[in-house]
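Data file: my_file10.tsv. Format and content: TSV, C-alpha atoms and all ligand atoms.
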```
chain	number	residue	atom	x	y	z
L	1	MET	CA	-274.91	75.29	-136.74
L	2	SER	CA	-271.39	74.93	-138.13
L	3	ILE	CA	-270.58	72.72	-141.09
L	4	ARG	CA	-267.27	70.97	-140.55
L	5	ALA	CA	-265.06	70.67	-143.62
L	6	ARG	CA	-264.20	67.10	-144.50
L	7	PRO	CA	-260.44	66.55	-144.07
L	8	ALA	CA	-258.49	65.89	-147.27
L	9	PRO	CA	-257.99	62.16	-147.88
L	10	ALA	CA	-254.61	60.86	-146.75
L	11	VAL	CA	-252.05	58.83	-148.66
L	12	TYR	CA	-249.08	56.63	-147.89
L	13	GLU	CA	-246.75	56.94	-150.89
L	14	PHE	CA	-244.43	53.95	-151.27
L	15	PHE	CA	-241.51	53.83	-153.76
L	16	ALA	CA	-242.01	57.58	-153.93
L	17	GLY	CA	-238.90	58.59	-155.94
L	18	GLY	CA	-239.07	62.30	-156.70
L	19	GLY	CA	-242.68	62.36	-155.50
L	20	LEU	CA	-244.51	62.81	-158.80
L	21	ALA	CA	-247.34	60.54	-157.73
L	22	GLY	CA	-247.91	62.72	-154.68
L	23	LEU	CA	-247.89	65.84	-156.86
L	24	GLY	CA	-250.57	64.34	-159.07
L	25	LEU	CA	-252.75	63.23	-156.16
L	26	HIS	CA	-254.65	66.45	-156.16
L	27	GLY	CA	-256.60	67.04	-152.96
L	28	PHE	CA	-254.74	64.37	-150.96
L	29	ARG	CA	-252.37	64.96	-148.07
L	30	THR	CA	-249.29	62.78	-147.72
L	31	LEU	CA	-249.07	61.06	-144.35
L	32	PHE	CA	-245.97	59.06	-145.17
L	33	ALA	CA	-243.54	58.60	-148.07
L	34	ASN	CA	-240.71	56.13	-148.52
L	35	ASP	CA	-237.92	55.35	-150.99
L	36	MET	CA	-234.61	53.56	-150.57
L	37	ASP	CA	-232.67	55.83	-152.96
L	38	ARG	CA	-230.99	58.71	-151.11
L	39	ALA	CA	-230.60	60.89	-154.21
L	40	LYS	CA	-234.28	60.54	-155.09
L	41	ALA	CA	-235.27	61.20	-151.51
L	42	ALA	CA	-233.27	64.44	-151.66
L	43	SER	CA	-235.35	65.47	-154.70
L	44	TRP	CA	-238.52	64.51	-152.87
L	45	ARG	CA	-237.52	66.75	-149.95
L	46	ALA	CA	-236.62	69.64	-152.27
L	47	ASN	CA	-240.13	69.59	-153.71
L	48	HIS	CA	-242.44	68.68	-150.84
L	49	ALA	CA	-243.32	69.87	-147.41
L	50	GLY	CA	-242.73	67.24	-144.75
L	51	ASP	CA	-240.23	64.42	-144.86
L	52	ILE	CA	-239.61	61.13	-146.63
L	53	HIS	CA	-238.45	57.99	-144.88
L	54	VAL	CA	-235.32	56.65	-146.59
L	55	GLY	CA	-234.81	52.89	-146.53
L	56	ASP	CA	-235.73	49.53	-147.98
L	57	VAL	CA	-239.46	48.87	-147.77
L	58	TRP	CA	-238.59	45.58	-146.06
L	59	THR	CA	-237.18	47.46	-143.08
L	60	LEU	CA	-240.51	49.19	-142.36
L	61	ASP	CA	-243.22	47.95	-140.06
L	62	ALA	CA	-246.75	49.15	-139.45
L	63	GLY	CA	-245.55	51.27	-136.52
L	64	ASP	CA	-243.65	53.46	-139.01
L	65	LEU	CA	-246.89	54.34	-140.78
L	66	PRO	CA	-248.68	57.12	-138.94
L	67	GLY	CA	-252.43	57.44	-138.57
L	68	ARG	CA	-254.87	55.98	-141.03
L	69	ALA	CA	-254.51	56.44	-144.77
L	70	ASP	CA	-257.34	56.38	-147.30
L	71	LEU	CA	-254.96	55.43	-150.07
L	72	ALA	CA	-251.75	53.41	-150.32
L	73	TRP	CA	-249.92	54.23	-153.55
L	74	ALA	CA	-247.13	51.86	-154.62
L	75	SER	CA	-244.99	52.49	-157.68
L	76	SER	CA	-243.21	49.29	-156.85
L	77	PRO	CA	-240.87	47.26	-158.98
L	78	CYS	CA	-243.25	44.33	-159.62
L	79	GLN	CA	-241.52	42.01	-162.07
L	80	ASP	CA	-240.89	38.55	-160.66
L	81	VAL	CA	-243.72	39.00	-158.18
L	82	SER	CA	-245.01	35.53	-158.99
L	83	LEU	CA	-241.55	33.98	-158.61
L	84	ALA	CA	-241.21	35.47	-155.15
L	85	GLY	CA	-244.06	33.31	-153.97
L	86	ALA	CA	-242.36	32.48	-150.68
L	87	ARG	CA	-243.72	35.67	-149.23
L	88	GLY	CA	-241.35	37.09	-146.63
L	89	GLY	CA	-238.66	34.57	-147.46
L	90	LEU	CA	-235.20	35.54	-148.58
L	91	ASP	CA	-236.02	35.09	-152.24
L	92	ALA	CA	-239.04	37.29	-151.95
L	93	ARG	CA	-236.95	39.93	-150.26
L	94	ARG	CA	-234.45	39.93	-153.04
L	95	SER	CA	-236.84	39.91	-155.95
L	96	GLY	CA	-240.10	41.21	-154.67
L	97	ALA	CA	-240.30	44.78	-153.41
L	98	PHE	CA	-244.05	44.33	-153.92
L	99	TRP	CA	-244.12	41.76	-151.11
L	100	GLY	CA	-242.30	44.18	-148.83
L	101	PHE	CA	-245.16	46.58	-149.46
L	102	TRP	CA	-247.88	43.97	-149.19
L	103	ARG	CA	-246.75	42.67	-145.81
L	104	LEU	CA	-247.24	46.24	-144.52
L	105	ILE	CA	-250.81	46.25	-145.81
L	106	GLU	CA	-251.37	42.93	-144.02
L	107	ALA	CA	-249.91	44.36	-140.83
L	108	LEU	CA	-252.20	47.40	-141.11
L	109	GLU	CA	-255.11	45.03	-141.64
L	110	THR	CA	-254.44	43.29	-138.32
L	111	GLU	CA	-254.55	46.73	-136.70
L	112	GLY	CA	-257.84	47.54	-138.42
L	113	ARG	CA	-256.34	50.36	-140.51
L	114	ALA	CA	-255.72	48.90	-143.95
L	115	PRO	CA	-256.47	51.64	-146.50
L	116	PRO	CA	-259.74	51.34	-148.45
L	117	VAL	CA	-257.94	52.21	-151.70
L	118	ILE	CA	-254.70	50.78	-153.06
L	119	VAL	CA	-253.06	51.79	-156.35
L	120	ILE	CA	-250.17	49.85	-157.82
L	121	GLU	CA	-248.42	51.57	-160.70
L	122	ASN	CA	-246.08	49.80	-163.06
L	123	VAL	CA	-244.95	49.42	-166.64
L	124	ALA	CA	-247.58	47.95	-168.95
L	125	GLY	CA	-245.29	44.93	-169.39
L	126	LEU	CA	-246.49	43.75	-165.99
L	127	LEU	CA	-249.63	42.53	-167.76
L	128	THR	CA	-247.62	39.85	-169.50
L	129	SER	CA	-244.43	39.37	-167.45
L	130	GLY	CA	-243.99	35.85	-166.10
L	131	GLN	CA	-246.61	34.73	-168.66
L	132	GLY	CA	-249.12	37.00	-166.94
L	133	GLN	CA	-248.52	35.46	-163.54
L	134	ASP	CA	-247.10	38.63	-161.95
L	135	PHE	CA	-250.26	40.58	-162.74
L	136	GLY	CA	-252.40	37.59	-161.80
L	137	THR	CA	-250.69	37.19	-158.45
L	138	ILE	CA	-251.17	40.84	-157.52
L	139	CYS	CA	-254.86	40.81	-158.47
L	140	ASP	CA	-255.38	37.54	-156.61
L	141	VAL	CA	-253.73	38.84	-153.44
L	142	LEU	CA	-255.86	41.99	-153.53
L	143	ALA	CA	-259.02	39.99	-154.15
L	144	GLY	CA	-258.11	37.65	-151.29
L	145	ALA	CA	-257.96	40.65	-148.96
L	146	GLY	CA	-261.50	41.61	-149.95
L	147	TYR	CA	-260.71	44.35	-152.45
L	148	ARG	CA	-262.47	44.87	-155.75
L	149	VAL	CA	-259.80	45.09	-158.41
L	150	GLY	CA	-259.50	46.61	-161.87
L	151	ALA	CA	-256.71	47.88	-164.06
L	152	LEU	CA	-256.27	50.78	-166.44
L	153	GLU	CA	-253.57	51.22	-169.05
L	154	MET	CA	-253.03	54.95	-169.34
L	155	ASP	CA	-250.69	56.58	-171.81
L	156	ALA	CA	-249.26	59.94	-170.80
L	157	ALA	CA	-249.59	60.91	-174.48
L	158	HIS	CA	-253.25	61.75	-173.81
L	159	TRP	CA	-252.06	64.70	-171.73
L	160	LEU	CA	-248.42	65.31	-172.63
L	161	PRO	CA	-246.19	65.02	-175.70
L	162	GLN	CA	-244.62	61.80	-174.47
L	163	SER	CA	-245.55	58.24	-175.35
L	164	ARG	CA	-245.57	56.57	-171.92
L	165	PRO	CA	-248.07	53.77	-171.37
L	166	ARG	CA	-248.33	52.73	-167.73
L	167	LEU	CA	-250.46	50.26	-165.83
L	168	PHE	CA	-252.52	51.27	-162.80
L	169	ILE	CA	-254.04	48.49	-160.73
L	170	VAL	CA	-256.75	50.09	-158.61
L	171	ALA	CA	-258.23	48.20	-155.66
L	172	MET	CA	-261.05	49.42	-153.42
L	173	ARG	CA	-262.83	47.98	-150.42
L	174	GLY	CA	-266.05	49.21	-148.87
L	175	LEU	CA	-266.45	51.98	-151.45
L	176	SER	CA	-268.52	52.30	-154.57
L	177	GLY	CA	-266.24	53.86	-157.12
L	178	PRO	CA	-267.45	54.81	-160.60
L	179	VAL	CA	-267.65	51.61	-162.62
L	180	ALA	CA	-268.60	50.64	-166.15
L	181	SER	CA	-270.45	47.47	-167.10
L	182	GLY	CA	-267.62	46.33	-169.37
L	183	PRO	CA	-264.39	47.49	-170.93
L	184	VAL	CA	-264.42	51.02	-172.29
L	185	GLY	CA	-261.62	52.64	-174.24
L	186	PRO	CA	-259.05	53.89	-174.14
L	187	PHE	CA	-257.93	52.85	-170.66
L	188	HIS	CA	-259.28	49.30	-170.78
L	189	SER	CA	-256.84	48.41	-173.49
L	190	ALA	CA	-256.83	45.15	-175.40
L	191	ARG	CA	-253.90	44.08	-173.20
L	192	VAL	CA	-255.89	44.69	-170.01
L	193	VAL	CA	-258.90	42.86	-171.43
L	194	ALA	CA	-256.70	39.89	-172.36
L	195	ALA	CA	-254.91	39.87	-169.00
L	196	ARG	CA	-258.22	39.73	-167.15
L	197	THR	CA	-259.12	36.47	-168.87
L	198	ARG	CA	-256.00	34.85	-167.40
L	199	LEU	CA	-256.86	35.73	-163.79
L	200	SER	CA	-257.81	33.26	-161.09
L	201	GLN	CA	-261.53	32.72	-160.47
L	202	ARG	CA	-261.24	34.67	-157.24
L	203	ALA	CA	-259.63	37.65	-158.98
L	204	GLN	CA	-262.16	37.52	-161.84
L	205	ALA	CA	-265.00	37.54	-159.32
L	206	ALA	CA	-263.50	40.62	-157.67
L	207	TRP	CA	-262.85	42.36	-161.00
L	208	VAL	CA	-264.41	45.74	-161.87
L	209	TRP	CA	-264.08	47.95	-164.91
L	210	TRP	CA	-263.31	51.27	-163.28
L	211	SER	CA	-264.84	54.13	-165.21
L	212	LEU	CA	-262.68	57.18	-165.82
L	213	PRO	CA	-263.74	60.32	-167.71
L	214	ALA	CA	-262.43	60.67	-171.24
L	215	PRO	CA	-259.01	62.27	-171.53
L	216	PRO	CA	-258.93	65.74	-173.04
L	217	ARG	CA	-257.62	66.29	-176.51
L	218	ARG	CA	-253.91	66.96	-176.11
L	219	ASN	CA	-252.97	70.39	-177.39
L	220	LEU	CA	-249.30	70.36	-176.49
L	221	ASP	CA	-246.60	69.38	-178.92
L	222	LEU	CA	-243.01	68.33	-178.15
L	223	ALA	CA	-241.69	71.46	-179.87
L	224	ALA	CA	-243.63	73.64	-177.44
L	225	LEU	CA	-241.78	72.22	-174.42
L	226	LEU	CA	-238.25	72.78	-175.64
L	227	GLU	CA	-235.69	75.22	-174.29
L	228	PRO	CA	-234.85	78.18	-176.56
L	229	ASP	CA	-232.31	77.17	-179.23
L	230	THR	CA	-229.84	79.68	-177.81
L	231	ALA	CA	-229.92	78.14	-174.32
L	232	VAL	CA	-228.78	74.62	-175.16
L	233	ASP	CA	-225.64	72.85	-176.34
L	234	TRP	CA	-225.86	71.58	-179.91
L	235	PHE	CA	-223.75	68.82	-181.40
L	236	THR	CA	-221.08	69.88	-183.87
L	237	PRO	CA	-221.93	69.31	-187.55
L	238	ALA	CA	-219.57	66.30	-187.51
L	239	GLN	CA	-221.32	64.79	-184.47
L	240	THR	CA	-224.71	65.45	-186.03
L	241	GLY	CA	-223.60	63.82	-189.27
L	242	ALA	CA	-222.34	60.74	-187.41
L	243	LEU	CA	-225.64	60.44	-185.58
L	244	MET	CA	-227.72	60.87	-188.73
L	245	ALA	CA	-225.65	58.20	-190.42
L	246	LEU	CA	-227.30	55.73	-188.03
L	247	THR	CA	-230.78	56.30	-189.48
L	248	ALA	CA	-232.39	53.50	-191.47
L	249	PRO	CA	-233.52	54.39	-195.02
L	250	LEU	CA	-237.17	55.06	-194.09
L	251	HIS	CA	-236.20	57.41	-191.27
L	252	ARG	CA	-233.56	59.06	-193.44
L	253	ASP	CA	-236.25	59.79	-196.06
L	254	ARG	CA	-238.48	61.38	-193.41
L	255	LEU	CA	-235.59	63.47	-192.16
L	256	GLU	CA	-234.73	64.59	-195.67
L	257	ALA	CA	-238.36	65.55	-196.32
L	258	ALA	CA	-238.43	67.59	-193.11
L	259	ARG	CA	-235.14	69.28	-193.98
L	260	ALA	CA	-236.22	70.01	-197.53
L	261	SER	CA	-239.48	71.62	-196.34
L	262	GLY	CA	-237.43	74.49	-194.95
L	263	GLU	CA	-239.89	74.75	-192.06
L	264	ARG	CA	-239.04	74.18	-188.44
L	265	ARG	CA	-239.68	70.52	-187.68
L	266	VAL	CA	-238.70	68.73	-184.47
L	267	ALA	CA	-238.16	65.00	-184.11
L	268	ALA	CA	-237.37	62.87	-181.10
L	269	GLY	CA	-234.67	60.31	-181.78
L	270	PHE	CA	-233.42	57.28	-179.90
L	271	ARG	CA	-230.82	54.65	-180.55
L	272	ARG	CA	-231.84	51.06	-180.85
L	273	VAL	CA	-229.95	47.92	-181.65
L	274	ARG	CA	-231.70	46.19	-184.55
L	275	VAL	CA	-230.93	42.94	-186.26
L	276	GLU	CA	-230.63	43.46	-190.02
L	277	ARG	CA	-229.64	40.60	-192.31
L	278	GLY	CA	-228.54	38.62	-189.28
L	279	GLN	CA	-226.28	41.42	-188.00
L	280	LYS	CA	-226.82	43.63	-184.95
L	281	VAL	CA	-226.71	47.28	-186.02
L	282	GLN	CA	-227.10	50.55	-184.12
L	283	ARG	CA	-229.96	52.59	-185.52
L	284	LEU	CA	-231.22	56.07	-184.80
L	285	GLU	CA	-235.02	56.00	-184.97
L	286	LEU	CA	-236.87	59.25	-185.44
L	287	ARG	CA	-240.42	60.24	-184.72
L	288	PHE	CA	-241.95	63.38	-186.20
L	289	ASP	CA	-245.41	62.90	-184.63
L	290	GLY	CA	-245.01	65.64	-182.02
L	291	LEU	CA	-244.29	63.13	-179.24
L	292	ALA	CA	-241.13	62.20	-177.40
L	293	GLY	CA	-240.46	58.52	-176.92
L	294	CYS	CA	-240.89	57.06	-173.45
L	295	LEU	CA	-238.34	58.56	-171.06
L	296	ARG	CA	-236.12	55.91	-169.52
L	297	THR	CA	-233.36	55.91	-166.98
L	298	PRO	CA	-230.11	56.80	-168.78
L	299	SER	CA	-228.28	53.51	-168.37
L	300	GLY	CA	-228.13	51.86	-171.78
L	301	GLY	CA	-227.61	53.22	-175.27
L	302	SER	CA	-231.29	52.90	-176.20
L	303	SER	CA	-232.36	55.07	-173.29
L	304	ARG	CA	-230.66	58.25	-174.52
L	305	GLN	CA	-233.11	60.50	-176.24
L	306	TYR	CA	-232.06	63.06	-178.85
L	307	LEU	CA	-233.78	66.05	-180.36
L	308	ILE	CA	-233.33	66.70	-184.05
L	309	VAL	CA	-234.38	70.09	-185.33
L	310	CYS	CA	-234.69	70.88	-189.02
L	311	GLN	CA	-234.98	74.54	-189.93
L	312	ALA	CA	-234.19	76.57	-193.04
L	313	GLY	CA	-232.71	73.49	-194.66
L	314	VAL	CA	-230.31	72.78	-191.80
L	315	VAL	CA	-230.38	69.76	-189.48
L	316	ARG	CA	-229.14	70.17	-185.91
L	317	ALA	CA	-229.11	67.67	-183.09
L	318	ARG	CA	-228.67	67.65	-179.34
L	319	ARG	CA	-229.63	65.73	-176.24
L	320	LEU	CA	-232.91	66.22	-174.40
L	321	THR	CA	-232.22	68.18	-171.20
L	322	GLY	CA	-233.33	67.24	-167.69
L	323	ARG	CA	-235.65	70.24	-167.58
L	324	GLU	CA	-237.30	69.23	-170.86
L	325	ALA	CA	-237.71	65.72	-169.47
L	326	ALA	CA	-239.39	67.19	-166.38
L	327	ARG	CA	-241.79	69.12	-168.61
L	328	LEU	CA	-242.54	65.90	-170.47
L	329	MET	CA	-243.61	64.43	-167.11
L	330	GLY	CA	-246.00	67.35	-166.55
L	331	LEU	CA	-243.88	69.15	-163.97
L	332	PRO	CA	-243.78	72.93	-163.71
L	333	ASP	CA	-240.38	74.62	-164.02
L	334	SER	CA	-240.55	75.36	-160.29
L	335	TYR	CA	-239.85	71.65	-159.64
L	336	VAL	CA	-236.29	71.50	-158.26
L	337	LEU	CA	-234.19	69.04	-160.27
L	338	PRO	CA	-230.94	67.45	-159.12
L	339	LYS	CA	-227.85	69.33	-160.31
L	340	GLY	CA	-226.44	66.80	-162.78
L	341	GLU	CA	-228.22	66.10	-166.08
L	342	THR	CA	-227.81	62.34	-165.63
L	343	ALA	CA	-229.39	62.44	-162.17
L	344	ALA	CA	-232.28	64.57	-163.47
L	345	LEU	CA	-232.90	62.22	-166.40
L	346	LYS	CA	-232.73	59.19	-164.08
L	347	LEU	CA	-235.27	60.75	-161.74
L	348	MET	CA	-237.65	61.53	-164.60
L	349	GLY	CA	-237.13	58.23	-166.39
L	350	ASP	CA	-238.38	56.33	-163.35
L	351	ALA	CA	-241.27	58.60	-162.52
L	352	VAL	CA	-244.99	58.65	-163.16
L	353	ALA	CA	-246.46	61.47	-165.26
L	354	VAL	CA	-248.24	63.97	-163.05
L	355	PRO	CA	-251.37	64.67	-165.19
L	356	VAL	CA	-252.06	60.94	-165.47
L	357	VAL	CA	-252.11	60.60	-161.68
L	358	ARG	CA	-254.20	63.73	-161.49
L	359	ALA	CA	-256.77	62.27	-163.90
L	360	LEU	CA	-256.99	59.11	-161.78
L	361	SER	CA	-257.23	61.13	-158.62
L	362	ASP	CA	-259.93	63.52	-159.86
L	363	GLY	CA	-261.88	61.01	-161.93
L	364	LEU	CA	-261.80	57.88	-159.81
L	365	LEU	CA	-260.04	57.96	-156.45
L	366	ARG	CA	-261.53	61.06	-154.87
L	367	PRO	CA	-265.03	60.46	-156.25
L	368	ALA	CA	-264.92	57.01	-154.67
L	369	LEU	CA	-263.58	58.28	-151.35
L	370	GLU	CA	-266.06	61.14	-151.29
L	371	GLY	CA	-268.94	58.86	-152.20
L	372	ARG	CA	-269.58	60.68	-155.46
L	373	ALA	CA	-270.33	58.69	-158.55
L	374	VAL	CA	-269.24	60.15	-161.86
L	375	SER	CA	-272.10	60.11	-164.32
L	376	PRO	CA	-271.66	57.32	-166.88
L	377	ALA	CA	-272.33	59.85	-169.63
L	378	SER	CA	-268.99	61.48	-168.92
L	379	ALA	CA	-267.12	58.21	-169.16
L	380	PHE	CA	-265.27	57.48	-172.36
L	381	PRO	CA	-267.71	55.85	-174.76
L	382	GLY	CA	-267.22	52.90	-177.05
L	383	PRO	CA	-265.29	49.68	-176.69
L	384	THR	CA	-261.57	49.42	-177.41
Q	401	LIG	C1	-240.59	53.40	-160.60
Q	401	LIG	S1	-239.79	54.30	-159.36
Q	401	LIG	C2	-241.13	55.23	-158.68
Q	401	LIG	C3	-240.99	56.69	-158.86
Q	401	LIG	C4	-242.09	57.57	-158.33
Q	401	LIG	N1	-243.42	57.06	-158.55
Q	401	LIG	C5	-241.99	58.94	-158.98
Q	401	LIG	O1	-242.88	59.32	-159.70
Q	401	LIG	O2	-240.98	59.60	-158.82
Q	401	LIG	C6	-239.54	53.04	-158.17
Q	401	LIG	C7	-238.84	53.54	-156.93
Q	401	LIG	O3	-238.79	52.44	-156.01
Q	401	LIG	C8	-237.60	52.56	-155.26
Q	401	LIG	N2	-237.35	51.23	-154.70
Q	401	LIG	C9	-237.03	50.10	-155.36
Q	401	LIG	N3	-236.93	49.05	-154.50
Q	401	LIG	C10	-237.22	49.55	-153.28
Q	401	LIG	C11	-237.27	48.96	-151.98
Q	401	LIG	N4	-237.01	47.67	-151.81
Q	401	LIG	N5	-237.58	49.75	-150.93
Q	401	LIG	C12	-237.83	51.08	-151.11
Q	401	LIG	N6	-237.78	51.69	-152.32
Q	401	LIG	C13	-237.47	50.94	-153.38
Q	401	LIG	C14	-236.57	53.07	-156.27
Q	401	LIG	O4	-235.52	53.77	-155.61
Q	401	LIG	C15	-237.42	53.98	-157.15
Q	401	LIG	O5	-237.32	55.33	-156.76
```
In structure tokens, write the structure found in this file.
Ligand SMILES: C[S@@+](CC[C@H](N)C(=O)[O-])C[C@H]1O[C@@H](n2cnc3c(N)ncnc32)[C@H](O)[C@@H]1O
Amino acid sequence: MSIRARPAPAVYEFFAGGGLAGLGLHGFRTLFANDMDRAKAASWRANHAGDIHVGDVWTLDAGDLPGRADLAWASSPCQDVSLAGARGGLDARRSGAFWGFWRLIEALETEGRAPPVIVIENVAGLLTSGQGQDFGTICDVLAGAGYRVGALEMDAAHWLPQSRPRLFIVAMRGLSGPVASGPVGPFHSARVVAARTRLSQRAQAAWVWWSLPAPPRRNLDLAALLEPDTAVDWFTPAQTGALMALTAPLHRDRLEAARASGERRVAAGFRRVRVERGQKVQRLELRFDGLAGCLRTPSGGSSRQYLIVCQAGVVRARRLTGREAARLMGLPDSYVLPKGETAALKLMGDAVAVPVVRALSDGLLRPALEGRAVSPASAFPGPT
């Protein structure tokens, strides 16, 4: 008697960018991927087998989605979801990529092939944007379609030396995923707990506290991910001095202490506009806690991240490179980055950290799809 191997679960990956979600979805096979940005799609192709459909999600219909997926993953821009209430209308099209995605799920539903698992990934600010209505609308729509819904706020800093909190709304139908009886830290953050109380009755009734195993203790420090000092371009002493002149007194003291120690100390730095005594001032803020700040797309001044290295009493500064940014997202150096530094930083700034997706995939999504329950003992103990 032969035992047939169960096929790997299949995923439709929407808003796929450089495909980091797909890389983290360990054990899944990608049936379909889409993004409207040609440059990002080129990166997706350079790093994945198969192809990505390039175009606005609103131009897709169910016929473009092959087969039957177990999971629909959407890293969609979600702000203004609640304002785009006229679903399918012009306004919705302009402001609500989420609705472009959701109408595909509805179309799949009429064909009897809506996926049993949906994950919507976004910035944690979605919990409160539109006075909480954006989050509320998404949960309500999922609940209305018969899904059980829960959310986890996961910070990449549990796995990687980057502070990057992100929200994952996980919806399941017809499956018994690992659940807890109430909020458990650290992924059921105070913000998630508060956002749940603002949900509609229907969404509250459908709510579940998904249980995810405790994150490991991070053993990687920002300094460990950096390129060798000899392989990067450093600012001139004058440029470094001008940058350091932007530090506020507290940060300047920390920098001076690091310099005076003589040891090698690495800080991440980013520019912020602060209001001091009624005046807007540019500040360079430094963190010496072994973490980079959240990577962002390099559009505004505050999104540019610097590295400041103190060693043997000397302070040097430079920009974070695209490769270092990729490492901060959990990518191996074999990941093919776009040629230009700005394009690489843009790709990474928009992406989802691979080990975070992997933790969700291994700890929640695949156990649910494979009918395995994770023992409650391995879930993270204690309330937030
Ligand atoms: C937050 S990024 C997701 C990145 C991806 N998860 C990754 O890790 O690389 C959102 C993506 O949605 C794409 N996008 C935004 N609006 C879209 C639309 N209407 N149709 C298709 N893609 C869209 C953007 O080009 C961007 O790559």
Find the residues of chain L that sit at most 8 Å from ligand LIG 401 (chain Q); for each, write down the nearest two atoms and how far apart they are in Å, to one decimal. Count all atoms listed in the file. Sort by chain, then by number going up, and give it as CSV.
```
residue,atom,partner,partner_atom,distance
L:Phe14,CA,Q:LIG401,N6,7.1
L:Phe15,CA,Q:LIG401,O3,3.8
L:Ala16,CA,Q:LIG401,C4,4.4
L:Gly17,CA,Q:LIG401,O2,3.7
L:Gly18,CA,Q:LIG401,O2,3.9
L:Gly19,CA,Q:LIG401,O2,4.6
L:Leu20,CA,Q:LIG401,O1,4.0
L:Ala21,CA,Q:LIG401,O1,5.0
L:Gly22,CA,Q:LIG401,O1,7.9
L:Asn34,CA,Q:LIG401,C12,6.4
L:Asp35,CA,Q:LIG401,N6,3.9
L:Met36,CA,Q:LIG401,N6,4.1
L:Asp37,CA,Q:LIG401,O4,4.4
L:Lys40,CA,Q:LIG401,O5,6.3
L:Val54,CA,Q:LIG401,C12,7.6
L:Gly55,CA,Q:LIG401,C12,5.8
L:Asp56,CA,Q:LIG401,N5,3.5
L:Val57,CA,Q:LIG401,N5,3.8
L:Trp58,CA,Q:LIG401,N4,6.3
L:Ala74,CA,Q:LIG401,N1,7.5
L:Ser75,CA,Q:LIG401,C2,4.8
L:Ser76,CA,Q:LIG401,C6,5.4
L:Pro77,CA,Q:LIG401,C6,6.0
L:Arg93,CA,Q:LIG401,N4,7.9
L:Gly96,CA,Q:LIG401,N4,7.7
L:Ala97,CA,Q:LIG401,N4,4.7
L:Gly100,CA,Q:LIG401,N4,7.0
L:Glu121,CA,Q:LIG401,N1,7.7
L:Asn122,CA,Q:LIG401,C1,7.0
L:Leu347,CA,Q:LIG401,O2,6.5
L:Met348,CA,Q:LIG401,O2,6.9
L:Asp350,CA,Q:LIG401,C1,4.6
L:Ala351,CA,Q:LIG401,O1,3.3
L:Val352,CA,Q:LIG401,O1,4.1
L:Ala353,CA,Q:LIG401,O1,7.0
L:Val354,CA,Q:LIG401,O1,7.8
```
Nearest to L:Asn47, chosen from L:Asp333, L:Asp362, L:Glu109, L:Glu370, with all atoms listed in the file counted in the distances: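 Nearest to L:Asn47: L:Asp333.
Distance annotation: of L:Pro178, L:Glu13, L:Ser361, L:Pro66, the residue with the minimal separation from L:Trp44 is L:Glu13; atom set is all atoms listed in the file.
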Would you mind listing what lies within 10 Å of L:Pro9 as a CSV table (one decimal) with C-alpha atoms, in the coordinates of the input, with all atoms listed in the file counted and same-chain residues fewer than 4 positions away left out?
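Final file, part-v6.csv:
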```csv
chain,number,residue,atom,x,y,z
L,25,LEU,CA,-252.8,63.2,-156.2
L,26,HIS,CA,-254.6,66.4,-156.2
L,27,GLY,CA,-256.6,67.0,-153.0
L,28,PHE,CA,-254.7,64.4,-151.0
L,29,ARG,CA,-252.4,65.0,-148.1
L,30,THR,CA,-249.3,62.8,-147.7
L,31,LEU,CA,-249.1,61.1,-144.4
L,68,ARG,CA,-254.9,56.0,-141.0
L,69,ALA,CA,-254.5,56.4,-144.8
L,70,ASP,CA,-257.3,56.4,-147.3
L,71,LEU,CA,-255.0,55.4,-150.1
L,365,LEU,CA,-260.0,58.0,-156.4
L,366,ARG,CA,-261.5,61.1,-154.9
L,369,LEU,CA,-263.6,58.3,-151.4
L,370,GLU,CA,-266.1,61.1,-151.3
```
Proximity to L:His48 - best of L:Arg327, L:Val356, L:Val336, L:Asp221, all atoms listed in the file: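 Of the candidates, the smallest distance to L:His48 is held by L:Val336.
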Polymer residues at most 9 Å from L:His158, all atoms listed in the file, same-chain spacing of 5 or more positions, as a ChimeraX atom specification: /L:163,215-218,356
For L:Gly349, the nearest of the candidates L:Val141, L:Val123, L:Ala46, L:Leu255, counting all atoms listed in the file: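 Of the candidates, the smallest distance to L:Gly349 is held by L:Val123.
Interatomic distance, atom CA of L:Gly313 to atom CA of L:Thr236: 16.3 Å.
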Who sits within 10 Å of L:Asp233, only C-alpha atoms, same chain under 3 positions skipped, as an MDAnalysis selection string: chainID L and resid 229:230 236 317:319 321
Atom CA of L:Leu220 to atom CA of L:Cys310, straight-line distance in Å: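 Between these atoms lies a distance of 19.3 Å.
Coordinates place atom CA of L:Glu106 at a distance of 29.6 Å from atom CA of L:Ser43.
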Closest of L:Leu160, L:Val315, L:Leu104, L:Val232 to L:Gly293 - atom-to-atom distances counting all atoms listed in the file: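 Of all the options, L:Leu160 lies closest to L:Gly293.
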Pick from L:Val314, L:Leu331, L:Leu226, L:Ala41, whichever lies nearest to L:Arg264 using all atoms listed in the file: L:Val314
Point (-260.2, 55.2, -161.3) neighbourhood (12 Å, all atoms listed in the file) written as a ChimeraX atom specification: /L:117-120,148-154,167-172,176-180,187-188,208-214,356-369,373-374,379
Selection: 8 Å around L:Asp51, only C-alpha atoms, excl. self and same-chain fewer than 5 positions, as a ChimeraX atom specification: /L:32-33,45
